[in-house]
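Undergrad: The file below is structure.cif, mmCIF, C-alpha atoms:
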```cif
data_coords
loop_
_atom_site.label_atom_id
_atom_site.label_comp_id
_atom_site.auth_asym_id
_atom_site.auth_seq_id
_atom_site.Cartn_x
_atom_site.Cartn_y
_atom_site.Cartn_z
CA MET A 191 0.00 0.00 0.00
CA SER A 192 1.44 3.39 -1.00
CA GLU A 193 2.28 6.02 1.59
CA PRO A 194 0.04 9.15 1.74
CA ASP A 195 1.29 12.20 -0.11
CA PRO A 196 3.09 14.26 2.59
CA ARG A 197 2.07 17.56 0.99
CA THR A 198 -0.97 19.37 2.34
CA THR A 199 -4.10 18.82 0.25
CA ALA A 200 -5.00 22.51 0.31
CA TYR A 201 -4.84 25.70 2.33
CA VAL A 202 -8.19 27.29 3.13
CA TRP A 203 -7.25 30.93 3.63
CA PHE A 204 -9.80 32.30 6.05
CA ASP A 205 -10.46 35.56 7.84
CA THR A 206 -13.28 37.00 9.92
CA GLU A 207 -14.38 40.37 11.16
CA TYR A 208 -16.30 40.39 14.41
CA SER A 209 -18.10 42.64 16.84
CA THR A 210 -15.59 42.82 19.70
CA LEU A 211 -12.16 41.51 20.68
CA GLU A 212 -13.86 39.81 23.64
CA LEU A 213 -14.24 36.52 21.79
CA GLU A 214 -16.60 34.96 24.33
CA SER A 215 -19.25 37.54 23.46
CA ALA A 216 -18.25 38.35 19.86
CA VAL A 217 -20.48 37.69 16.86
CA LEU A 218 -19.35 37.37 13.27
CA LEU A 219 -19.73 40.33 10.93
CA GLN A 220 -17.90 39.03 7.86
CA VAL A 221 -16.16 35.88 6.62
CA ALA A 222 -13.95 35.33 3.59
CA ALA A 223 -12.22 32.28 2.14
CA VAL A 224 -9.83 31.50 -0.73
CA VAL A 225 -8.48 28.01 -1.45
CA THR A 226 -4.92 27.40 -2.68
CA ASP A 227 -2.61 24.44 -2.99
CA ALA A 228 0.62 24.10 -1.02
CA ASP A 229 2.40 26.24 -3.64
CA LEU A 230 -0.09 29.10 -3.00
CA GLN A 231 -1.67 28.61 -6.42
CA ARG A 232 -5.44 28.83 -6.65
CA ILE A 233 -7.42 25.61 -6.79
CA PHE A 234 -10.62 27.43 -7.76
CA PRO A 235 -11.13 30.57 -9.89
CA PRO A 236 -11.70 33.95 -8.20
CA GLU A 237 -15.44 33.80 -8.78
CA ASP A 238 -15.56 30.88 -6.32
CA ASP A 239 -13.96 32.92 -3.53
CA LEU A 240 -16.28 33.68 -0.63
CA ARG A 241 -16.77 37.16 0.80
CA LEU A 242 -19.90 37.16 2.96
CA HIS A 243 -21.43 39.72 5.29
CA ILE A 244 -23.33 38.20 8.20
CA LYS A 245 -26.76 39.51 9.20
CA LEU A 246 -26.52 41.62 12.31
CA ALA A 247 -29.30 41.04 14.81
CA GLU A 248 -31.04 44.08 16.25
CA GLY A 249 -29.59 45.13 19.56
CA THR A 250 -26.18 43.49 18.98
CA THR A 251 -23.51 45.25 21.01
CA LEU A 252 -20.54 46.46 18.96
CA SER A 253 -17.26 47.59 20.42
CA PRO A 254 -16.58 51.34 20.22
CA TRP A 255 -13.69 50.64 17.80
CA VAL A 256 -15.95 48.71 15.44
CA GLU A 257 -18.62 51.42 15.66
CA GLU A 258 -16.06 54.08 14.74
CA HIS A 259 -13.82 52.34 12.20
CA LEU A 260 -15.99 49.72 10.47
CA GLN A 261 -19.11 51.69 9.70
CA ASP A 262 -19.31 50.47 6.09
CA LEU A 263 -18.99 46.87 7.23
CA VAL A 264 -21.72 47.30 9.85
CA ALA A 265 -23.99 48.87 7.24
CA ALA A 266 -23.38 45.90 4.93
CA CYS A 267 -24.32 43.54 7.76
CA ARG A 268 -27.65 45.37 8.03
CA SER A 269 -28.32 45.29 4.29
CA GLU A 270 -30.40 42.85 2.25
CA ASP A 271 -27.22 41.30 0.86
CA ALA A 272 -26.14 39.96 4.25
CA VAL A 273 -26.61 36.24 4.91
CA ASP A 274 -27.40 34.36 8.09
CA LEU A 275 -24.89 32.10 9.81
CA SER A 276 -26.41 28.87 8.53
CA GLU A 277 -26.06 29.99 4.91
CA ALA A 278 -22.48 31.15 5.48
CA ASP A 279 -21.65 27.82 7.11
CA ALA A 280 -23.22 25.86 4.25
CA ARG A 281 -21.40 27.86 1.57
CA LEU A 282 -18.04 27.54 3.31
CA ALA A 283 -18.55 23.81 3.81
CA GLU A 284 -19.51 23.39 0.15
CA LEU A 285 -16.35 25.19 -0.96
CA VAL A 286 -14.11 22.99 1.18
CA GLY A 287 -16.03 19.90 0.11
CA ARG A 288 -14.98 20.49 -3.50
CA VAL A 289 -11.27 20.32 -2.72
CA PRO A 290 -9.81 17.24 -4.48
CA LYS A 291 -8.65 14.74 -1.84
CA ALA A 292 -7.14 11.28 -2.04
CA GLY A 293 -9.23 10.01 0.88
CA ASN A 294 -11.49 10.96 3.78
CA GLU A 295 -8.94 10.54 6.57
CA MET A 296 -7.77 13.54 8.60
CA THR A 297 -4.47 13.37 6.65
CA TYR A 298 -6.16 14.62 3.50
CA ARG A 299 -8.25 17.42 4.95
CA PRO A 300 -7.41 21.02 4.00
CA VAL A 301 -5.59 23.17 6.53
CA LEU A 302 -7.00 26.46 7.83
CA ALA A 303 -4.58 29.31 7.06
CA GLY A 304 -4.29 33.01 7.85
CA ASN A 305 -2.86 35.55 10.27
CA SER A 306 -3.52 34.91 13.97
CA VAL A 307 -5.87 32.29 12.59
CA HIS A 308 -6.57 30.79 16.01
CA CYS A 309 -9.04 33.65 16.63
CA ASP A 310 -10.85 32.94 13.36
CA TRP A 311 -10.85 29.20 14.17
CA TRP A 312 -12.27 29.89 17.63
CA LEU A 313 -15.20 31.85 16.18
CA ALA A 314 -15.72 29.43 13.29
CA ARG A 315 -15.83 26.52 15.74
CA LYS A 316 -18.58 28.35 17.60
CA PHE A 317 -20.64 29.61 14.65
CA LEU A 318 -19.64 27.55 11.57
CA PRO A 319 -19.57 23.88 12.64
CA ARG A 320 -20.10 22.30 9.20
CA PHE A 321 -17.17 24.26 7.81
CA ILE A 322 -14.82 23.41 10.67
CA ALA A 323 -15.75 19.71 10.57
CA GLN A 324 -14.15 19.39 7.12
CA LEU A 325 -10.78 20.87 8.07
CA HIS A 326 -7.56 19.40 9.41
CA TYR A 327 -6.73 19.89 13.08
CA ARG A 328 -3.53 21.71 12.06
CA HIS A 329 -3.43 25.44 11.31
CA LEU A 330 -1.05 27.48 9.17
CA ASP A 331 -0.49 30.75 11.05
CA VAL A 332 1.43 33.30 8.99
CA THR A 333 1.98 35.37 12.14
CA ALA A 334 4.22 32.60 13.52
CA VAL A 335 6.39 32.78 10.41
CA LYS A 336 6.55 36.58 10.73
CA LEU A 337 7.77 36.33 14.32
CA GLN A 338 10.52 33.93 13.27
CA TRP A 339 11.56 36.23 10.45
CA GLN A 340 11.82 39.19 12.81
CA ASP A 341 13.47 37.29 15.68
CA LEU A 342 16.00 35.25 13.72
CA HIS A 343 16.85 37.56 10.85
CA ALA A 344 15.70 40.98 12.10
CA GLY A 345 14.06 41.26 8.71
CA PRO A 346 11.59 43.98 7.76
CA GLU A 347 7.94 43.21 8.46
CA PHE A 348 5.81 42.68 5.38
CA ALA A 349 3.94 45.92 4.55
CA LYS A 350 0.34 44.73 4.36
CA ASP A 351 -0.90 48.26 3.84
CA GLY A 352 1.58 48.87 1.03
CA PRO A 353 0.15 48.11 -2.41
CA GLU A 354 3.59 47.63 -3.95
CA GLU A 355 4.49 44.62 -1.82
CA LEU A 356 1.00 43.16 -2.00
CA LEU A 357 0.96 43.37 -5.78
CA ALA A 358 4.48 41.97 -6.03
CA TYR A 359 3.87 38.91 -3.88
CA LEU A 360 0.20 38.00 -4.39
CA PRO A 361 -0.01 34.98 -6.72
CA GLY A 362 -2.76 35.18 -9.31
CA PRO A 363 -5.04 38.11 -10.24
CA LYS A 364 -3.91 41.43 -8.77
CA GLU A 365 -7.12 43.37 -9.39
CA LEU A 366 -8.81 41.53 -6.52
CA LEU A 367 -6.95 43.75 -4.05
CA GLU A 368 -9.53 46.49 -4.20
CA GLY A 369 -10.32 46.57 -0.49
CA LYS A 370 -8.42 47.69 2.57
CA PRO A 371 -7.34 46.19 5.91
CA HIS A 372 -10.20 45.00 8.14
CA ASP A 373 -12.09 43.77 5.12
CA ALA A 374 -11.94 39.98 5.53
CA TYR A 375 -11.39 39.29 1.82
CA TYR A 376 -8.60 41.84 1.52
CA ASP A 377 -6.97 40.40 4.63
CA VAL A 378 -7.13 36.86 3.19
CA LEU A 379 -5.35 37.97 0.03
CA ALA A 380 -2.82 39.95 2.07
CA SER A 381 -2.05 36.85 4.15
CA ILE A 382 -1.37 34.79 1.02
CA ALA A 383 0.95 37.51 -0.28
CA GLU A 384 2.67 37.78 3.10
CA LEU A 385 3.44 34.07 3.32
CA ASN A 386 4.77 34.19 -0.24
CA TYR A 387 7.05 37.05 0.82
CA TYR A 388 8.42 35.14 3.82
CA ARG A 389 8.90 32.00 1.75
CA GLN A 390 11.04 33.91 -0.70
CA GLN A 391 12.94 35.96 1.90
CA PHE A 392 13.30 33.47 4.72
CA PHE A 393 13.09 29.83 3.66
CA LYS A 394 15.48 30.18 0.72
CA LYS A 395 18.26 31.69 2.85
#
```
Transcribe the structure of this file into structure tokens.
TA:
Amino acid sequence: MSEPDPRTTAYVWFDTEYSTLELESAVLLQVAAVVTDADLQRIFPPEDDLRLHIKLAEGTTLSPWVEEHLQDLVAACRSEDAVDLSEADARLAELVGRVPKAGNEMTYRPVLAGNSVHCDWWLARKFLPRFIAQLHYRHLDVTAVKLQWQDLHAGPEFAKDGPEELLAYLPGPKELLEGKPHDAYYDVLASIAELNYYRQQFFKK
């Protein structure tokens, strides 16, 4: 019997925006997901990417920072285009379910990826159970790679707000970077570009 392919089946790049940094009481405002292979190349075309605003229930408490800085996002969560959590969960699970796998064992499940992705995992585990059930128990946290780059090489931090670096290191279509930080989809793309940057600057040295 052949040994399993040691390479990861896929990375599910995932980011959330939420109502407060107090995770125990936070609710989701936005989710986004992009699927790549282990070489950071897209498995699905851009039109399959997910960028969903979550319906905001009346009376939901938002942190003062969210109220001040994410007004457009909050408005989108109160619009007719917003979806409820069950729809978001179903669409995320459907996306992950289409990833080609060699088997159903944990070994072949896609890995959740992003920056400080444990926070996104924590909220997804609470609100998006069908999605989480299809993922590997491992996580790919780009923030961990960044800390190693800074601590071991004293290298410059990747400029997520700088369009030049994002455009230079994002694999695939560049025109998708039309958002800004604290938009979940923009942050997903920025995380892919950031890992690509560290791979080229750090792992090849």
Undergrad: As a check of understanding, name the residues that the PyMOL selection byres ((chain A and resi 307) around 8) selects in the supplied structure, as a PyMOL selection string.
TA: chain A and resi 204-205+302-306+308-311+329-331
Undergrad: Taking the file as shown, find all residues satisfying the PyMOL selection byres ((chain A and resi 221-224) around 7) and write them as a list of chain:residue names.
TA: A:Val202, A:Trp203, A:Phe204, A:Asp205, A:Thr206, A:Glu207, A:Gln220, A:Val225, A:Thr226, A:Asp239, A:Leu240, A:Arg241, A:Leu242, A:His243, A:Ala374, A:Tyr375, A:Val378
Undergrad: If the PyMOL selection byres ((chain A and resi 257-262) around 12) were run on this exact file, what residues would it hold? Put them as a PyMOL selection string.
TA: chain A and resi 207-210+219-220+243+250-256+263-269+369-374
Undergrad: Can you work out which one of A:Asp274, A:Glu237, A:Glu284, A:Asp229 has the shortest atom-to-atom distance to A:Ala383, counting only C-alpha atoms?
TA: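 That would be A:Asp229, the residue with the smallest distance to A:Ala383.
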Undergrad: From the list A:Ala334, A:Met296, A:Leu230, A:Leu313, which residue is nearest A:Leu275 when using only C-alpha atoms?
TA: A:Leu313
Undergrad: So the first atom is atom CA of A:Leu360 and the second is atom CA of A:Trp339; what is the distance between them in Å, to one decimal place?
TA: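 Answer for the atom CA of A:Leu360 to atom CA of A:Trp339 separation: 18.8 Å.
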Undergrad: Between atom CA of A:Arg299 and atom CA of A:Ala228, measure the distance and give it in Å to one decimal.
TA: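 Distance between the two atoms: 12.6 Å.
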Undergrad: Show me the residues around (-21.5, 32.0, 16.4) - criterion: an atom at most 8 Å away, only C-alpha atoms counted - as JSON, numbers by chain.
TA: {"A": [216, 217, 218, 275, 313, 314, 315, 316, 317, 318]}
Undergrad: Can you work out the spacing between atom CA of A:Gly293 and atom CA of A:Arg232 in Å, to one decimal?
TA: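 Taking atom CA of A:Gly293 as the start and atom CA of A:Arg232 as the end point, the length is 20.6 Å.
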Undergrad: Select all residues near (-4.4, 20.5, 8.1) (cut-off 7 Å, inclusive, file coordinates), counting all atoms listed in the file, and output them as a ChimeraX atom specification.
TA: /A:198,299-302,325-329
Undergrad: Using the file's own x, y and z axes, what box holds all listed atoms of stretch 355-360 of chain A with 3 Å on each side, keeping edges along x, y and z, and what are its centre and edge lengths in Å to one decimal, as lines of an AutoDock Vina configuration file?
TA:
```
center_x = 2.3
center_y = 41.3
center_z = -3.9
size_x = 10.3
size_y = 12.6
size_z = 10.2
```
